[in-house]
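Everything below belongs to query.txt, which stores compact mmCIF, C-alpha atoms and all ligand atoms.
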# COMPACT_ATOMS: atom_id res chain seq x y z
CA MET A 1 8.46 72.32 -13.52
CA ALA A 2 5.53 71.18 -15.63
CA LEU A 3 2.05 71.25 -14.19
CA ARG A 4 1.17 67.76 -13.00
CA ARG A 5 -2.40 66.57 -12.60
CA PHE A 6 -4.02 63.18 -12.02
CA ASP A 7 -5.68 61.54 -15.00
CA LEU A 8 -9.13 61.41 -13.42
CA ASP A 9 -10.79 59.56 -16.29
CA ALA A 10 -8.27 56.73 -16.36
CA GLY A 11 -8.08 56.50 -12.59
CA GLY A 12 -11.61 55.17 -12.04
CA GLU A 13 -13.46 55.41 -8.75
CA SER A 14 -11.53 53.19 -6.39
CA PHE A 15 -8.22 51.55 -5.61
CA ALA A 16 -7.15 48.72 -3.31
CA PHE A 17 -3.68 47.47 -2.45
CA CYS A 18 -2.89 43.87 -3.44
CA ALA A 19 -2.98 41.37 -0.59
CA GLU A 20 0.77 40.67 -1.08
CA THR A 21 1.53 44.34 -0.49
CA GLU A 22 0.10 44.33 3.05
CA PRO A 23 3.32 43.04 4.71
CA LYS A 24 5.31 45.71 2.85
CA ILE A 25 2.96 48.40 4.15
CA ALA A 26 3.38 47.03 7.67
CA PHE A 27 7.18 47.07 7.20
CA TRP A 28 7.21 50.77 6.32
CA LEU A 29 4.74 51.79 9.01
CA ALA A 30 6.81 49.97 11.64
CA LYS A 31 9.73 52.29 10.88
CA TYR A 32 7.98 55.30 12.38
CA PRO A 33 6.53 56.09 15.82
CA GLU A 34 2.75 55.82 16.38
CA ASP A 35 2.26 59.56 16.02
CA ARG A 36 4.58 59.91 13.01
CA GLN A 37 3.08 57.33 10.64
CA ARG A 38 2.66 59.92 7.90
CA SER A 39 6.43 59.81 7.43
CA ALA A 40 5.73 56.66 5.40
CA VAL A 41 3.82 58.61 2.76
CA ILE A 42 6.43 58.31 -0.01
CA PRO A 43 7.05 54.54 0.28
CA LEU A 44 3.29 53.93 0.50
CA LEU A 45 2.61 56.03 -2.57
CA TRP A 46 5.36 54.06 -4.28
CA LEU A 47 3.70 50.77 -3.33
CA ALA A 48 0.33 52.11 -4.50
CA GLN A 49 1.89 53.03 -7.86
CA LYS A 50 3.27 49.51 -8.20
CA ASP A 51 -0.15 48.01 -7.46
CA ASN A 52 -1.75 50.29 -10.04
CA GLN A 53 0.12 49.16 -13.18
CA GLY A 54 2.98 51.59 -12.68
CA TRP A 55 1.10 54.85 -12.20
CA LEU A 56 -0.61 56.65 -9.36
CA SER A 57 -4.32 57.33 -9.70
CA GLU A 58 -6.27 59.84 -7.66
CA PRO A 59 -8.17 57.09 -5.77
CA ALA A 60 -4.82 55.43 -4.98
CA MET A 61 -3.57 58.73 -3.56
CA ARG A 62 -6.73 58.99 -1.41
CA THR A 63 -6.33 55.41 -0.17
CA VAL A 64 -2.83 56.27 1.07
CA ALA A 65 -4.12 59.46 2.74
CA GLU A 66 -6.83 57.50 4.58
CA LEU A 67 -4.38 54.81 5.64
CA LEU A 68 -2.08 57.44 7.14
CA ASP A 69 -4.87 59.64 8.46
CA MET A 70 -3.58 62.57 6.42
CA PRO A 71 -5.55 65.33 4.69
CA TYR A 72 -5.87 64.53 0.97
CA ILE A 73 -4.20 67.82 0.07
CA ARG A 74 -1.00 66.89 1.94
CA VAL A 75 -0.67 63.62 0.02
CA TYR A 76 -1.68 65.36 -3.19
CA GLU A 77 1.17 67.83 -2.69
CA VAL A 78 3.70 64.99 -2.36
CA ALA A 79 2.32 63.01 -5.28
CA THR A 80 2.28 65.97 -7.67
CA PHE A 81 5.71 67.27 -6.58
CA TYR A 82 7.84 64.16 -7.07
CA THR A 83 8.15 63.09 -10.69
CA MET A 84 8.80 59.51 -9.59
CA PHE A 85 5.01 59.37 -9.21
CA ARG A 86 3.40 59.12 -12.58
CA LEU A 87 -0.09 60.56 -12.68
CA GLN A 88 -1.25 59.04 -15.93
CA PRO A 89 -1.24 55.49 -17.31
CA VAL A 90 2.05 54.09 -18.60
CA GLY A 91 3.00 51.08 -20.67
CA ARG A 92 3.85 47.68 -19.22
CA HIS A 93 7.47 48.69 -19.75
CA HIS A 94 7.90 52.33 -18.83
CA ILE A 95 11.22 53.70 -20.07
CA GLN A 96 12.92 56.61 -18.35
CA ILE A 97 15.61 58.04 -20.59
CA CYS A 98 18.27 60.04 -18.76
CA GLY A 99 18.81 63.28 -20.66
CA THR A 100 21.27 64.98 -18.31
CA THR A 101 24.64 66.21 -19.61
CA PRO A 102 26.85 63.06 -19.34
CA CYS A 103 24.16 60.92 -20.98
CA MET A 104 23.37 63.66 -23.49
CA LEU A 105 27.03 63.89 -24.49
CA ARG A 106 27.11 60.11 -24.94
CA GLY A 107 24.05 59.86 -27.18
CA ALA A 108 20.87 60.30 -25.12
CA ASN A 109 19.37 62.48 -27.84
CA ASP A 110 19.61 59.54 -30.25
CA LEU A 111 17.78 57.37 -27.71
CA LYS A 112 15.03 59.97 -27.42
CA ASP A 113 14.67 60.10 -31.19
CA ILE A 114 14.36 56.33 -31.34
CA ALA A 115 11.77 56.29 -28.54
CA THR A 116 9.76 59.00 -30.31
CA ASP A 117 9.96 57.10 -33.55
CA LYS A 118 9.04 53.66 -32.13
CA ILE A 119 6.62 54.63 -29.35
CA GLY A 120 5.45 58.17 -29.95
CA ALA A 121 5.50 61.34 -27.89
CA LYS A 122 6.58 61.36 -24.23
CA MET A 123 4.09 59.52 -21.99
CA HIS A 124 2.18 58.14 -24.96
CA VAL A 125 1.33 54.48 -24.42
CA SER A 126 1.95 52.29 -27.47
CA ASP A 127 -1.15 50.72 -29.05
CA ASN A 128 -0.45 47.26 -27.63
CA GLY A 129 0.08 48.74 -24.14
CA GLN A 130 3.67 47.50 -23.93
CA LEU A 131 5.73 50.70 -24.06
CA SER A 132 5.82 54.31 -22.91
CA TRP A 133 8.70 56.66 -22.22
CA GLU A 134 9.68 59.92 -20.62
CA GLU A 135 12.87 61.93 -20.16
CA VAL A 136 14.28 62.18 -16.65
CA GLU A 137 17.20 63.84 -14.92
CA CYS A 138 20.40 62.04 -13.87
CA LEU A 139 19.73 58.54 -12.56
CA GLY A 140 23.14 58.29 -10.91
CA ALA A 141 24.70 55.90 -13.41
CA CYS A 142 26.65 58.48 -15.44
CA VAL A 143 29.71 56.24 -15.67
CA ASN A 144 27.60 53.93 -17.83
CA ALA A 145 26.11 56.69 -20.01
CA PRO A 146 23.92 56.73 -21.92
CA MET A 147 21.47 54.74 -19.91
CA VAL A 148 17.74 54.25 -19.35
CA GLN A 149 15.68 52.82 -16.54
CA ILE A 150 12.96 50.39 -17.57
CA ASN A 151 10.53 49.76 -14.74
CA ASP A 152 12.92 48.99 -11.84
CA TYR A 153 16.07 48.13 -13.79
CA TYR A 154 18.97 49.97 -15.43
CA TYR A 155 20.06 49.37 -19.05
CA GLU A 156 23.46 50.94 -19.54
CA ASP A 157 26.18 51.75 -22.10
CA LEU A 158 23.51 51.88 -24.77
CA SER A 159 23.91 52.68 -28.43
CA ALA A 160 21.18 53.58 -30.87
CA ALA A 161 21.26 50.00 -32.16
CA SER A 162 21.14 48.26 -28.77
CA PHE A 163 18.34 50.55 -27.55
CA ALA A 164 16.27 49.96 -30.69
CA ASP A 165 16.78 46.23 -30.22
CA ILE A 166 15.62 46.40 -26.57
CA LEU A 167 12.48 48.29 -27.59
CA ALA A 168 11.71 45.83 -30.36
CA LYS A 169 12.03 42.86 -27.99
CA LEU A 170 9.96 44.40 -25.21
CA ASP A 171 7.34 45.40 -27.73
CA GLN A 172 7.07 41.73 -28.75
CA GLY A 173 6.71 40.64 -25.12
CA GLU A 174 10.26 39.25 -24.91
CA ALA A 175 12.33 39.70 -21.75
CA VAL A 176 15.58 41.67 -21.95
CA ALA A 177 18.14 41.31 -19.15
CA PRO A 178 19.29 44.63 -17.67
CA GLY A 179 22.92 45.72 -17.19
CA SER A 180 25.68 46.99 -19.43
CA PHE A 181 25.33 46.60 -23.20
CA ALA A 182 29.04 47.10 -23.84
CA GLU A 183 32.07 44.88 -23.34
CA ARG A 184 32.61 45.69 -19.70
CA ILE A 185 31.68 44.32 -16.28
CA ASN A 186 29.37 46.73 -14.48
CA SER A 187 31.33 50.02 -14.37
CA ALA A 188 34.77 48.48 -14.89
CA PRO A 189 36.96 49.82 -17.71
CA PHE A 190 36.17 48.68 -21.24
CA GLY A 191 38.16 45.64 -22.32
CA VAL A 192 40.52 44.11 -19.77
CA PRO A 193 40.79 45.44 -16.19
CA THR A 194 43.51 48.07 -15.84
CA THR A 195 43.68 48.22 -12.05
CA LEU A 196 44.35 45.54 -9.41
CA SER A 197 45.81 43.48 -12.20
CA GLU A 198 48.64 42.16 -10.01
CA GLU A 199 47.09 39.59 -7.74
CA ALA A 200 49.83 39.84 -5.08
CA LEU A 201 48.76 43.43 -4.42
CA TYR A 202 45.43 42.43 -2.95
CA ASN A 203 45.44 38.74 -2.07
CA GLY A 204 47.54 39.17 1.09
CA ALA A 205 50.74 37.76 -0.40
CA ARG A 206 52.48 41.13 -0.32
CA LEU A 207 52.21 42.50 3.20
CA ILE A 208 52.46 46.22 3.77
CA ASP A 209 54.59 46.77 6.89
CA SER A 210 55.42 50.42 6.41
CA LEU A 211 53.65 53.47 5.14
CA PRO A 212 55.44 56.65 4.03
CA ASN A 213 53.55 58.87 6.46
CA LEU A 214 53.13 56.42 9.34
CA LEU A 215 53.97 58.15 12.67
CA THR A 216 57.23 56.96 14.20
CA GLU A 217 57.47 56.44 17.96
CA GLU A 218 59.66 59.57 18.23
CA ALA A 219 57.12 61.70 16.46
CA ASN A 220 54.15 60.24 18.29
CA PRO A 221 53.93 61.33 21.96
CA ALA A 222 50.89 59.10 22.45
CA ALA A 223 53.05 56.07 21.67
CA ASP A 224 55.66 57.25 24.23
CA LYS A 225 52.97 57.59 26.90
CA LYS A 226 51.76 54.10 26.24
CA LYS A 227 55.32 52.78 26.57
CA ASP A 228 55.83 54.59 29.93
CA ALA A 229 52.59 53.37 31.46
S1 LIG A 301 23.74 61.86 -16.48
FE1 LIG A 301 22.68 60.07 -17.04
S2 LIG A 301 22.88 58.81 -15.30
FE2 LIG A 301 23.86 60.66 -14.71
Translate this structure into structure tokens?
Ligand code: FES
Amino acid sequence: MALRRFDLDAGGESFAFCAETEPKIAFWLAKYPEDRQRSAVIPLLWLAQKDNQGWLSEPAMRTVAELLDMPYIRVYEVATFYTMFRLQPVGRHHIQICGTTPCMLRGANDLKDIATDKIGAKMHVSDNGQLSWEEVECLGACVNAPMVQINDYYYEDLSAASFADILAKLDQGEAVAPGSFAERINSAPFGVPTTLSEEALYNGARLIDSLPNLLTEEANPAADKKKDA
């Protein structure tokens, strides 16, 4: 694993949660007993990252430590271990490109080339502050490979062309709806559905009154007992 350190210069001297985040902090703290509040360290770091333009600064890490009455080093260990916490500034749209095998086999390397070409090296923030990217491990959407996560949303079934188009639009400040970029609904087969195509199979019209391995009364002593009682 790469060495991960806070960007101290970019992080400034202080950090404060947004007022709207306070109820979310209270929600997470309420999940744990009085003497186990530090169990909320990961969600609180996550909230701090959101309130800090998508990355976690060293003062933000310290704010979380003070809130949870934890030694700084304990929170530091968590923040530097989990790559979901970004320790340097990112663009307004931070793109996580999945590079794990299913996505790689379906074209993730092309997406990485496009990101390098349009944005620059990993974690470089584009000049207008709109874009940055990094490579991540499997994001659990392999059935829609190749895919990327942009901020909180998944963009799936990408091609080199559709990914380049997304980058161009985001770079211009345009919104791009997440989801699949192929002719399919979510993770359904491409084209027309190939399962549950006969409505009577699932709308209740065709009742199932026997199953091949359903226990018969003879073979089920429990049923006999019930009958005798
Ligand atoms: S391999 Fe890319 S989402 Fe699983």
Closest pair table for chain A residues within 9 Å of ligand LIG 301 (chain A), all atoms listed in the file, as a tab-separated table:
residue	atom	partner	partner_atom	distance
A:Ile97	CA	A:LIG301	FE1	8.2
A:Cys98	CA	A:LIG301	FE1	4.7
A:Gly99	CA	A:LIG301	FE1	6.2
A:Thr100	CA	A:LIG301	S1	4.4
A:Thr101	CA	A:LIG301	S1	5.4
A:Pro102	CA	A:LIG301	S1	4.4
A:Cys103	CA	A:LIG301	FE1	4.3
A:Met104	CA	A:LIG301	S1	7.2
A:Leu105	CA	A:LIG301	S1	8.9
A:Ala108	CA	A:LIG301	FE1	8.3
A:Val136	CA	A:LIG301	FE1	8.7
A:Glu137	CA	A:LIG301	FE1	7.0
A:Cys138	CA	A:LIG301	FE2	3.8
A:Leu139	CA	A:LIG301	S2	4.2
A:Gly140	CA	A:LIG301	S2	4.4
A:Ala141	CA	A:LIG301	S2	3.9
A:Cys142	CA	A:LIG301	FE2	3.6
A:Val143	CA	A:LIG301	S2	7.3
A:Asn144	CA	A:LIG301	S2	7.2
A:Ala145	CA	A:LIG301	FE1	5.7
A:Pro146	CA	A:LIG301	FE1	6.0
A:Met147	CA	A:LIG301	FE1	6.2
A:Val148	CA	A:LIG301	FE1	8.0
A:Glu156	CA	A:LIG301	S2	9.0
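Shortest separation to A:Gln88 among A:Asp165, A:Gly54, A:Glu135, A:Asp7 occurs at residue A:Asp7, atoms counted being all atoms listed in the file.
Between A:Gln53 and the residues A:Gly91, A:Gly191, A:Gly12, A:Gly173, the shortest atom-to-atom distance, using all atoms listed in the file, involves A:Gly91.
Counting only C-alpha atoms, the residue from A:Glu198, A:Glu58, A:Asp51, A:Glu34 that sits nearest to A:Ser14 is A:Glu58.
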Test item: residues at most 12 Å from A:Thr116, all atoms listed in the file, excluding those fewer than 2 positions along its chain, as a tab-separated table (two decimals) with C-alpha atoms, in the frame of the given file:
chain	number	residue	atom	x	y	z
A	95	ILE	CA	11.22	53.70	-20.07
A	97	ILE	CA	15.61	58.04	-20.59
A	109	ASN	CA	19.37	62.48	-27.84
A	110	ASP	CA	19.61	59.54	-30.25
A	111	LEU	CA	17.78	57.37	-27.71
A	112	LYS	CA	15.03	59.97	-27.42
A	113	ASP	CA	14.67	60.10	-31.19
A	114	ILE	CA	14.36	56.33	-31.34
A	118	LYS	CA	9.04	53.66	-32.13
A	119	ILE	CA	6.62	54.63	-29.35
A	120	GLY	CA	5.45	58.17	-29.95
A	121	ALA	CA	5.50	61.34	-27.89
A	122	LYS	CA	6.58	61.36	-24.23
A	123	MET	CA	4.09	59.52	-21.99
A	124	HIS	CA	2.18	58.14	-24.96
A	125	VAL	CA	1.33	54.48	-24.42
A	126	SER	CA	1.95	52.29	-27.47
A	131	LEU	CA	5.73	50.70	-24.06
A	132	SER	CA	5.82	54.31	-22.91
A	133	TRP	CA	8.70	56.66	-22.22
A	134	GLU	CA	9.68	59.92	-20.62
A	135	GLU	CA	12.87	61.93	-20.16
A	164	ALA	CA	16.27	49.96	-30.69
A	167	LEU	CA	12.48	48.29	-27.59
Exercise. Give me, please, the distance in Å between atom CA of A:Pro59 and atom CA of A:Glu13, quoted to one decimal.
Key: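 Rounded to one decimal, the two atoms are 6.3 Å apart.
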Centre and edge lengths of an axis-aligned box around all listed atoms of stretch 134-137 of chain A, with 3 Å added on each side, are to be given in Å to one decimal, as AutoDock Vina command-line options.
--center_x 13.4 --center_y 61.9 --center_z -17.8 --size_x 13.5 --size_y 9.9 --size_z 11.7
Practice problem: Determine the nearest neighbour of A:Ala16 from the options A:Thr63, A:His94, A:Gln49, A:Ser39, counting all atoms listed in the file. | Solution: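 Closest to A:Ala16, using all atoms listed in the file: A:Thr63.
Those residues that approach stretch 27-32 of chain A to within 12 Å, counting only C-alpha atoms, are Thr21, Glu22, Pro23, Lys24, Ile25, Glu34, Asp35, Arg36, Gln37, Arg38, Ser39, Ala40, Val41, Ile42, Pro43, Leu44, Leu45, Trp46, Leu47, Val64, Leu67 and Leu68 of chain A; same-chain residues fewer than 2 positions away are not listed.
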Quiz prompt | Point-to-point distance from atom CA of A:Phe163 to atom CA of A:Pro193, Å rounded to tenths | solution =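 For atom CA of A:Phe163 relative to atom CA of A:Pro193, the distance reads 25.7 Å.
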Self-check item: Nearest residue to A:Ala182 from the set A:Tyr76, A:Phe15, A:Tyr155, A:Tyr202 (distances using all atoms listed in the file)
Solution: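 The shortest atom-to-atom distance to A:Ala182 comes from A:Tyr155.
Nearest to A:Phe6 of all the residues A:Thr195, A:Thr80, A:Asn52, A:Gln172 is A:Thr80, based on all atoms listed in the file.
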Quiz item: Mind pulling up the distance from atom CA of A:Ala48 to atom CA of A:Phe17?
Solution: 6.5 Å
Quiz prompt | Near-A:Arg5 list (12 Å; all atoms listed in the file; drop same-chain fewer than 3 positions) as a list in words | solution =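 Listing them by chain and then by number gives Ala2, Leu8, Asp9, Gly11, Leu56, Ser57, Glu58, Tyr76, Glu77, Ala79, Thr80, Phe81, Tyr82, Thr83, Phe85, Arg86, Leu87 and Gln88 of chain A.
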